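Asks: This structure is in structure tokens; I'll ask about it shortly.
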Amino acid sequence: KAVAEVKVVDEPVTVVVSQKGWVRARQGHGHEAGAFAFKAGDGLYATFECRSVDQLIIFGSNGRLYSVPVAQLPGGRGDGQPITTLIELEAGTQVQHYFAGPLSAQLLLAGSGGYGFVARVEHMLSRNKGGKAFVSLGEGETLCAPSHAAGSSAGQPLAAATHVCCASVGGRILTFELAELKTMASGGRGLMLIALEDQDSLAGAAAYTRSVRISGTGRGGKEREEQLEIRSLNNARAPRGRKGKAADLGFKPAAVTRVE
């Protein structure tokens, strides 16, 4: 019986993901986003500065998660490869979000129904291309973008987040301590993050230390965003599971991201 092992050299890489789901890994960090070329009609979804020994986590619309070792991604000189050729999506589902980082990274995961929990990347790995069910979503619910809560980023320690900011599509904001949430190695639905009124839904939730950025759409479909600092965030502080405070943003929130 022979066992073949391929040793991966631990080096800095930048994972590039396009809006249409093409992925590639380019050597090194510090690349300008404008330097990446894409196929006609496509564009940049995100870049992740990580290590070649890290994992790319793919989040399906049905709460199913898939993992691909960063070392197995195609090189960064071409357009890359469609992520759908590296994983096996269930019929009727789409890829919604991505994250690339070390096994120790902790992510805040939430659904539009207002529930969420914390999990480590090592909990999200799957041995097969079909992935595994991880985030439980109710009927009609969607998966919010994952938020990097702790671990490391680009091979450097990332300050552990202390609080969570939730923003609803209806414009309500609630902040509370991250310690009020559970870490769930097996996934699930989690705890109620924010109490939602009828017809409202969770736009996003982000773990943070000092500030967050809320983005969305204003009148005429114009993209808008606003950065909230610690003072504004503290004004929306209450225990987890409360309704939060109406925010005068002037636009409908669609996502919440952590700002270093």
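Labeling convention for the structure tokens: chains A, B, ... as they appear, residues from 1 per chain, ligands from 1 in order of appearance.
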Compile the contact shell of A:Glu141 as a PyMOL selection string: residues with an atom at most 6 Å away, counting only C-alpha atoms, same-chain residues fewer than 3 positions apart removed.
Replies: chain A and resi 112-113+137-138
Asks: Store the residues of this selection in a file with N, CA, C and O atoms, as a PDB file, in the first residue's frame.
Replies:
```
ATOM      1  N   SER A 112     -30.978  35.643   7.025  1.00  0.00           N
ATOM      2  CA  SER A 112     -31.854  36.819   6.967  1.00  0.00           C
ATOM      3  C   SER A 112     -33.002  36.741   7.970  1.00  0.00           C
ATOM      4  O   SER A 112     -33.661  37.744   8.246  1.00  0.00           O
ATOM      5  N   GLY A 113     -33.232  35.552   8.547  1.00  0.00           N
ATOM      6  CA  GLY A 113     -34.274  35.416   9.564  1.00  0.00           C
ATOM      7  C   GLY A 113     -33.881  35.974  10.917  1.00  0.00           C
ATOM      8  O   GLY A 113     -34.715  36.021  11.833  1.00  0.00           O
ATOM      9  N   LEU A 137     -31.435  27.358   7.515  1.00  0.00           N
ATOM     10  CA  LEU A 137     -32.203  28.521   7.078  1.00  0.00           C
ATOM     11  C   LEU A 137     -33.678  28.155   6.981  1.00  0.00           C
ATOM     12  O   LEU A 137     -34.027  27.068   6.533  1.00  0.00           O
ATOM     13  N   GLY A 138     -34.539  29.081   7.415  1.00  0.00           N
ATOM     14  CA  GLY A 138     -35.969  28.881   7.294  1.00  0.00           C
ATOM     15  C   GLY A 138     -36.420  29.099   5.856  1.00  0.00           C
ATOM     16  O   GLY A 138     -35.661  29.586   5.015  1.00  0.00           O
TER      17      GLY A 138
END
```
Asks: Excluding A:Phe59 and residues on its chain fewer than 6 positions from it, collect all residues at most 10 Å away from it, counting only C-alpha atoms, and give them as a short mmCIF file (atom, residue, chain, number, x, y, z; two decimals) with N, CA and C atoms, in the first residue's frame.
Replies:
```cif
data_model
loop_
_atom_site.label_atom_id
_atom_site.label_comp_id
_atom_site.auth_asym_id
_atom_site.auth_seq_id
_atom_site.Cartn_x
_atom_site.Cartn_y
_atom_site.Cartn_z
N LEU A 65 -22.08 24.33 2.95
CA LEU A 65 -20.73 24.87 2.83
C LEU A 65 -19.81 23.89 2.11
N TYR A 66 -18.89 24.46 1.34
CA TYR A 66 -17.94 23.66 0.57
C TYR A 66 -16.54 24.21 0.85
N SER A 67 -15.53 23.35 0.78
CA SER A 67 -14.16 23.80 1.04
C SER A 67 -13.22 23.30 -0.04
N GLN A 94 -27.25 28.27 -5.54
CA GLN A 94 -26.20 29.10 -6.10
C GLN A 94 -25.17 29.42 -5.02
N VAL A 95 -23.98 29.78 -5.47
CA VAL A 95 -22.96 30.25 -4.53
C VAL A 95 -23.27 31.69 -4.17
N GLN A 96 -23.25 32.00 -2.86
CA GLN A 96 -23.57 33.36 -2.42
C GLN A 96 -22.37 34.11 -1.86
N HIS A 97 -21.52 33.41 -1.11
CA HIS A 97 -20.41 34.10 -0.45
C HIS A 97 -19.17 33.23 -0.43
N TYR A 98 -18.01 33.88 -0.12
CA TYR A 98 -16.74 33.18 -0.04
C TYR A 98 -15.94 33.71 1.15
N PHE A 99 -15.00 32.88 1.61
CA PHE A 99 -14.02 33.32 2.60
C PHE A 99 -12.79 32.44 2.46
N MET A 124 -15.81 23.89 9.18
CA MET A 124 -16.56 24.00 7.93
C MET A 124 -16.03 23.11 6.81
N GLY A 131 -19.86 19.08 -0.32
CA GLY A 131 -19.97 19.93 0.86
C GLY A 131 -20.78 19.31 1.98
N PHE A 134 -24.63 23.19 6.90
CA PHE A 134 -24.00 23.82 8.07
C PHE A 134 -24.85 24.93 8.68
N VAL A 135 -25.44 25.80 7.86
CA VAL A 135 -26.27 26.88 8.38
C VAL A 135 -27.73 26.56 8.08
N LEU A 143 -28.71 33.53 3.16
CA LEU A 143 -27.51 33.56 3.99
C LEU A 143 -26.85 34.92 3.89
N CYS A 144 -26.56 35.53 5.02
CA CYS A 144 -25.85 36.81 5.04
C CYS A 144 -24.36 36.57 4.82
N ALA A 145 -23.64 37.59 4.43
CA ALA A 145 -22.19 37.46 4.21
C ALA A 145 -21.50 37.13 5.53
N PRO A 146 -20.56 36.18 5.53
CA PRO A 146 -19.84 35.85 6.77
C PRO A 146 -18.96 37.00 7.21
#
```
Asks: Name the residues of stretch 67-186 of chain A that come out as helix (DSSP H, G or I) in a backbone DSSP run; write them as an NGL selection string.
Replies: :A and (70-72 or 83-85 or 121-124 or 178-180)
Asks: Those same residues, written as a short mmCIF file (atom, residue, chain, number, x, y, z; two decimals), in the first residue's frame with N, CA, C and O atoms?
Replies:
```cif
data_model
loop_
_atom_site.label_atom_id
_atom_site.label_comp_id
_atom_site.auth_asym_id
_atom_site.auth_seq_id
_atom_site.Cartn_x
_atom_site.Cartn_y
_atom_site.Cartn_z
N VAL A 70 -6.56 26.17 -0.70
CA VAL A 70 -6.05 27.26 -1.53
C VAL A 70 -4.96 26.75 -2.47
O VAL A 70 -4.84 27.22 -3.61
N ALA A 71 -4.18 25.78 -2.03
CA ALA A 71 -3.10 25.24 -2.85
C ALA A 71 -3.61 24.57 -4.12
O ALA A 71 -2.85 24.37 -5.07
N GLN A 72 -4.90 24.20 -4.14
CA GLN A 72 -5.47 23.53 -5.31
C GLN A 72 -6.11 24.49 -6.31
O GLN A 72 -6.61 24.06 -7.36
N ILE A 83 -15.74 28.17 -9.98
CA ILE A 83 -15.79 27.43 -8.72
C ILE A 83 -16.70 26.22 -8.85
O ILE A 83 -16.51 25.22 -8.15
N THR A 84 -17.64 26.26 -9.76
CA THR A 84 -18.58 25.13 -9.93
C THR A 84 -17.89 23.88 -10.49
O THR A 84 -18.47 22.80 -10.45
N THR A 85 -16.65 24.03 -11.00
CA THR A 85 -15.92 22.85 -11.47
C THR A 85 -15.12 22.22 -10.33
O THR A 85 -14.59 21.11 -10.49
N VAL A 121 -13.20 28.00 10.89
CA VAL A 121 -13.06 27.46 9.54
C VAL A 121 -12.84 25.96 9.57
O VAL A 121 -13.36 25.23 8.72
N GLU A 122 -12.09 25.46 10.56
CA GLU A 122 -11.85 24.02 10.63
C GLU A 122 -13.14 23.22 10.79
O GLU A 122 -13.20 22.05 10.41
N HIS A 123 -14.20 23.87 11.34
CA HIS A 123 -15.49 23.19 11.49
C HIS A 123 -16.21 23.07 10.14
O HIS A 123 -17.13 22.26 9.99
N MET A 124 -15.81 23.89 9.18
CA MET A 124 -16.56 24.00 7.93
C MET A 124 -16.03 23.11 6.81
O MET A 124 -16.61 23.05 5.73
N LEU A 178 -20.09 40.11 21.55
CA LEU A 178 -19.92 38.86 20.81
C LEU A 178 -20.02 37.66 21.75
O LEU A 178 -20.45 36.57 21.33
N ALA A 179 -19.64 37.85 23.01
CA ALA A 179 -19.67 36.76 23.98
C ALA A 179 -21.09 36.23 24.22
O ALA A 179 -21.26 35.14 24.78
N GLU A 180 -22.12 36.99 23.79
CA GLU A 180 -23.51 36.54 23.96
C GLU A 180 -23.89 35.46 22.95
O GLU A 180 -24.97 34.88 23.05
#
```
Asks: Pick out each residue of stretch 55-179 of chain A that DSSP on the backbone tags as strand (DSSP E); I need them as a compact mmCIF listing (two decimals) with N, CA and C atoms, in the first residue's frame.
Replies:
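And here's selection12.txt as it stands now:
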```txt
# COMPACT_ATOMS: atom_id res chain seq x y z
N GLN A 55 -7.60 27.58 3.54
CA GLN A 55 -8.76 26.99 2.86
C GLN A 55 -9.67 28.07 2.29
N LEU A 56 -10.27 27.77 1.14
CA LEU A 56 -11.32 28.62 0.58
C LEU A 56 -12.65 27.98 0.94
N ILE A 57 -13.50 28.73 1.63
CA ILE A 57 -14.82 28.25 2.02
C ILE A 57 -15.85 28.89 1.10
N ILE A 58 -16.73 28.07 0.54
CA ILE A 58 -17.77 28.55 -0.37
C ILE A 58 -19.12 28.33 0.30
N PHE A 59 -19.94 29.38 0.30
CA PHE A 59 -21.24 29.34 0.99
C PHE A 59 -22.37 29.26 -0.03
N GLY A 60 -23.13 28.17 0.03
CA GLY A 60 -24.25 27.99 -0.88
C GLY A 60 -25.51 28.68 -0.37
N ARG A 64 -25.49 25.31 2.70
CA ARG A 64 -24.49 24.25 2.58
C ARG A 64 -23.12 24.89 2.34
N LEU A 65 -22.08 24.33 2.95
CA LEU A 65 -20.73 24.87 2.83
C LEU A 65 -19.81 23.89 2.11
N TYR A 66 -18.89 24.46 1.34
CA TYR A 66 -17.94 23.66 0.57
C TYR A 66 -16.54 24.21 0.85
N SER A 67 -15.53 23.35 0.78
CA SER A 67 -14.16 23.80 1.04
C SER A 67 -13.22 23.30 -0.04
N VAL A 68 -12.28 24.17 -0.42
CA VAL A 68 -11.26 23.83 -1.41
C VAL A 68 -9.93 24.35 -0.87
N PRO A 69 -8.90 23.51 -0.75
CA PRO A 69 -7.58 23.99 -0.31
C PRO A 69 -7.07 25.08 -1.26
N GLN A 81 -10.63 29.64 -12.78
CA GLN A 81 -11.48 28.48 -13.05
C GLN A 81 -12.83 28.69 -12.37
N PRO A 82 -13.94 28.29 -13.00
CA PRO A 82 -15.24 28.44 -12.33
C PRO A 82 -15.26 27.60 -11.06
N VAL A 95 -23.98 29.78 -5.47
CA VAL A 95 -22.96 30.25 -4.53
C VAL A 95 -23.27 31.69 -4.17
N GLN A 96 -23.25 32.00 -2.86
CA GLN A 96 -23.57 33.36 -2.42
C GLN A 96 -22.37 34.11 -1.86
N HIS A 97 -21.52 33.41 -1.11
CA HIS A 97 -20.41 34.10 -0.45
C HIS A 97 -19.17 33.23 -0.43
N TYR A 98 -18.01 33.88 -0.12
CA TYR A 98 -16.74 33.18 -0.04
C TYR A 98 -15.94 33.71 1.15
N PHE A 99 -15.00 32.88 1.61
CA PHE A 99 -14.02 33.32 2.60
C PHE A 99 -12.79 32.44 2.46
N ALA A 100 -11.60 33.05 2.45
CA ALA A 100 -10.37 32.29 2.41
C ALA A 100 -9.51 32.69 3.61
N GLY A 101 -9.04 31.70 4.36
CA GLY A 101 -8.24 31.99 5.54
C GLY A 101 -7.82 30.71 6.24
N GLN A 106 -12.22 32.50 12.97
CA GLN A 106 -13.59 32.38 13.47
C GLN A 106 -14.49 33.30 12.66
N LEU A 107 -15.62 32.77 12.19
CA LEU A 107 -16.56 33.54 11.39
C LEU A 107 -17.90 33.63 12.08
N LEU A 108 -18.52 34.81 11.97
CA LEU A 108 -19.89 35.01 12.42
C LEU A 108 -20.78 34.70 11.22
N LEU A 109 -21.67 33.72 11.38
CA LEU A 109 -22.57 33.30 10.30
C LEU A 109 -24.00 33.62 10.70
N ALA A 110 -24.79 34.16 9.77
CA ALA A 110 -26.16 34.55 10.08
C ALA A 110 -27.05 34.40 8.85
N TYR A 115 -31.12 34.94 12.90
CA TYR A 115 -30.41 34.03 13.80
C TYR A 115 -28.97 33.87 13.33
N GLY A 116 -28.06 33.52 14.27
CA GLY A 116 -26.68 33.35 13.88
C GLY A 116 -25.84 32.72 14.97
N PHE A 117 -24.59 32.42 14.61
CA PHE A 117 -23.66 31.79 15.55
C PHE A 117 -22.24 31.99 15.04
N VAL A 118 -21.28 31.55 15.83
CA VAL A 118 -19.86 31.65 15.48
C VAL A 118 -19.33 30.24 15.23
N ALA A 119 -18.45 30.09 14.24
CA ALA A 119 -17.81 28.81 13.96
C ALA A 119 -16.42 29.06 13.42
N ARG A 120 -15.54 28.08 13.63
CA ARG A 120 -14.18 28.17 13.10
C ARG A 120 -14.13 27.53 11.71
N LYS A 132 -21.22 20.15 2.91
CA LYS A 132 -22.04 19.66 4.01
C LYS A 132 -23.00 20.75 4.48
N ALA A 133 -24.17 20.31 4.97
CA ALA A 133 -25.15 21.25 5.51
C ALA A 133 -24.57 21.86 6.77
N SER A 147 -18.75 37.10 8.52
CA SER A 147 -17.92 38.17 9.07
C SER A 147 -16.75 37.57 9.83
N HIS A 148 -15.55 38.02 9.50
CA HIS A 148 -14.32 37.51 10.13
C HIS A 148 -14.22 38.06 11.55
N ALA A 149 -14.40 37.19 12.54
CA ALA A 149 -14.44 37.62 13.93
C ALA A 149 -13.09 37.57 14.63
N ALA A 150 -12.30 36.53 14.33
CA ALA A 150 -10.99 36.38 14.98
C ALA A 150 -10.17 35.37 14.21
N GLY A 151 -8.89 35.30 14.54
CA GLY A 151 -7.98 34.37 13.89
C GLY A 151 -6.79 35.12 13.37
N SER A 152 -6.56 35.04 12.06
CA SER A 152 -5.48 35.80 11.45
C SER A 152 -5.89 36.22 10.05
N SER A 153 -5.25 37.24 9.55
CA SER A 153 -5.54 37.76 8.22
C SER A 153 -4.21 38.04 7.53
N GLN A 156 -1.14 37.45 9.46
CA GLN A 156 -0.90 38.27 10.66
C GLN A 156 -2.09 38.14 11.61
N PRO A 157 -1.85 38.22 12.92
CA PRO A 157 -2.96 38.10 13.88
C PRO A 157 -4.02 39.18 13.63
N LEU A 158 -5.28 38.77 13.69
CA LEU A 158 -6.39 39.71 13.55
C LEU A 158 -6.97 39.93 14.94
N HIS A 163 -17.65 42.86 19.71
CA HIS A 163 -19.08 43.11 19.61
C HIS A 163 -19.64 42.69 18.25
N VAL A 164 -20.95 42.69 18.15
CA VAL A 164 -21.66 42.36 16.91
C VAL A 164 -22.58 43.52 16.56
N CYS A 165 -22.60 43.89 15.29
CA CYS A 165 -23.55 44.90 14.80
C CYS A 165 -24.49 44.23 13.81
N CYS A 166 -25.78 44.33 14.07
CA CYS A 166 -26.81 43.80 13.17
C CYS A 166 -27.55 44.97 12.54
N ALA A 167 -27.84 44.86 11.26
CA ALA A 167 -28.63 45.89 10.58
C ALA A 167 -29.74 45.19 9.81
N SER A 168 -30.97 45.66 9.98
CA SER A 168 -32.09 45.06 9.26
C SER A 168 -32.36 45.86 7.98
N ARG A 172 -33.12 49.14 11.09
CA ARG A 172 -32.89 49.06 12.53
C ARG A 172 -31.52 48.47 12.80
N ILE A 173 -30.84 49.02 13.81
CA ILE A 173 -29.49 48.57 14.15
C ILE A 173 -29.45 48.16 15.61
N LEU A 174 -28.77 47.05 15.87
CA LEU A 174 -28.59 46.55 17.23
C LEU A 174 -27.14 46.11 17.39
N THR A 175 -26.52 46.49 18.50
CA THR A 175 -25.17 46.02 18.80
C THR A 175 -25.17 45.37 20.18
N PHE A 176 -24.37 44.32 20.31
CA PHE A 176 -24.25 43.62 21.59
C PHE A 176 -22.89 42.92 21.63
N GLU A 177 -22.55 42.36 22.78
CA GLU A 177 -21.24 41.72 22.95
C GLU A 177 -21.20 40.37 22.22
```
Asks: Write out as an NGL selection string each polymer residue whose atoms come within 10 Å of A:Pro12, counting only C-alpha atoms; drop sequence neighbours fewer than 6 positions from it.
Replies: :A and (25-29 or 49-54 or 154-155)
Asks: Report, in Å with one decimal, the straight-line distance from atom CA of A:Ala247 to atom CA of A:Glu223.
Replies: 17.4 Å
Asks: Would you give me, as a Markdown table, each residue of stretch 125-202 of chain A having an atom within 7 Å of an atom of stretch 240-243 of chain A, along with its shortest atom pair and that distance in Å to one decimal, using only C-alpha atoms and sorting by chain and residue number?
Replies:
```
| residue | atom | partner | partner_atom | distance |
| --- | --- | --- | --- | --- |
| A:Phe176 | CA | A:Arg240 | CA | 5.8 |
| A:Glu180 | CA | A:Arg240 | CA | 6.8 |
| A:Met192 | CA | A:Gly241 | CA | 5.2 |
| A:Leu193 | CA | A:Gly241 | CA | 4.9 |
| A:Ile194 | CA | A:Gly241 | CA | 4.3 |
| A:Ala195 | CA | A:Lys243 | CA | 4.6 |
| A:Leu196 | CA | A:Lys243 | CA | 6.3 |
```
Asks: With only C-alpha atoms as the atoms that count, which of A:Gly170, A:Gly21, A:Gly114, A:Pro102 lies nearest to A:Ile87?
Replies: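 That would be A:Gly21, the residue with the smallest distance to A:Ile87.
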Asks: How many Å lie between atom CA of A:Ile230 and atom CA of A:Tyr208, rounded to one decimal?
Replies: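 Calculated distance between atom CA of A:Ile230 and atom CA of A:Tyr208 is 9.6 Å.
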Asks: Between A:Pro74, A:Gly41, A:Gly204, A:Gly221, which is the closest to A:Val15 once you count only C-alpha atoms?
Replies: A:Pro74
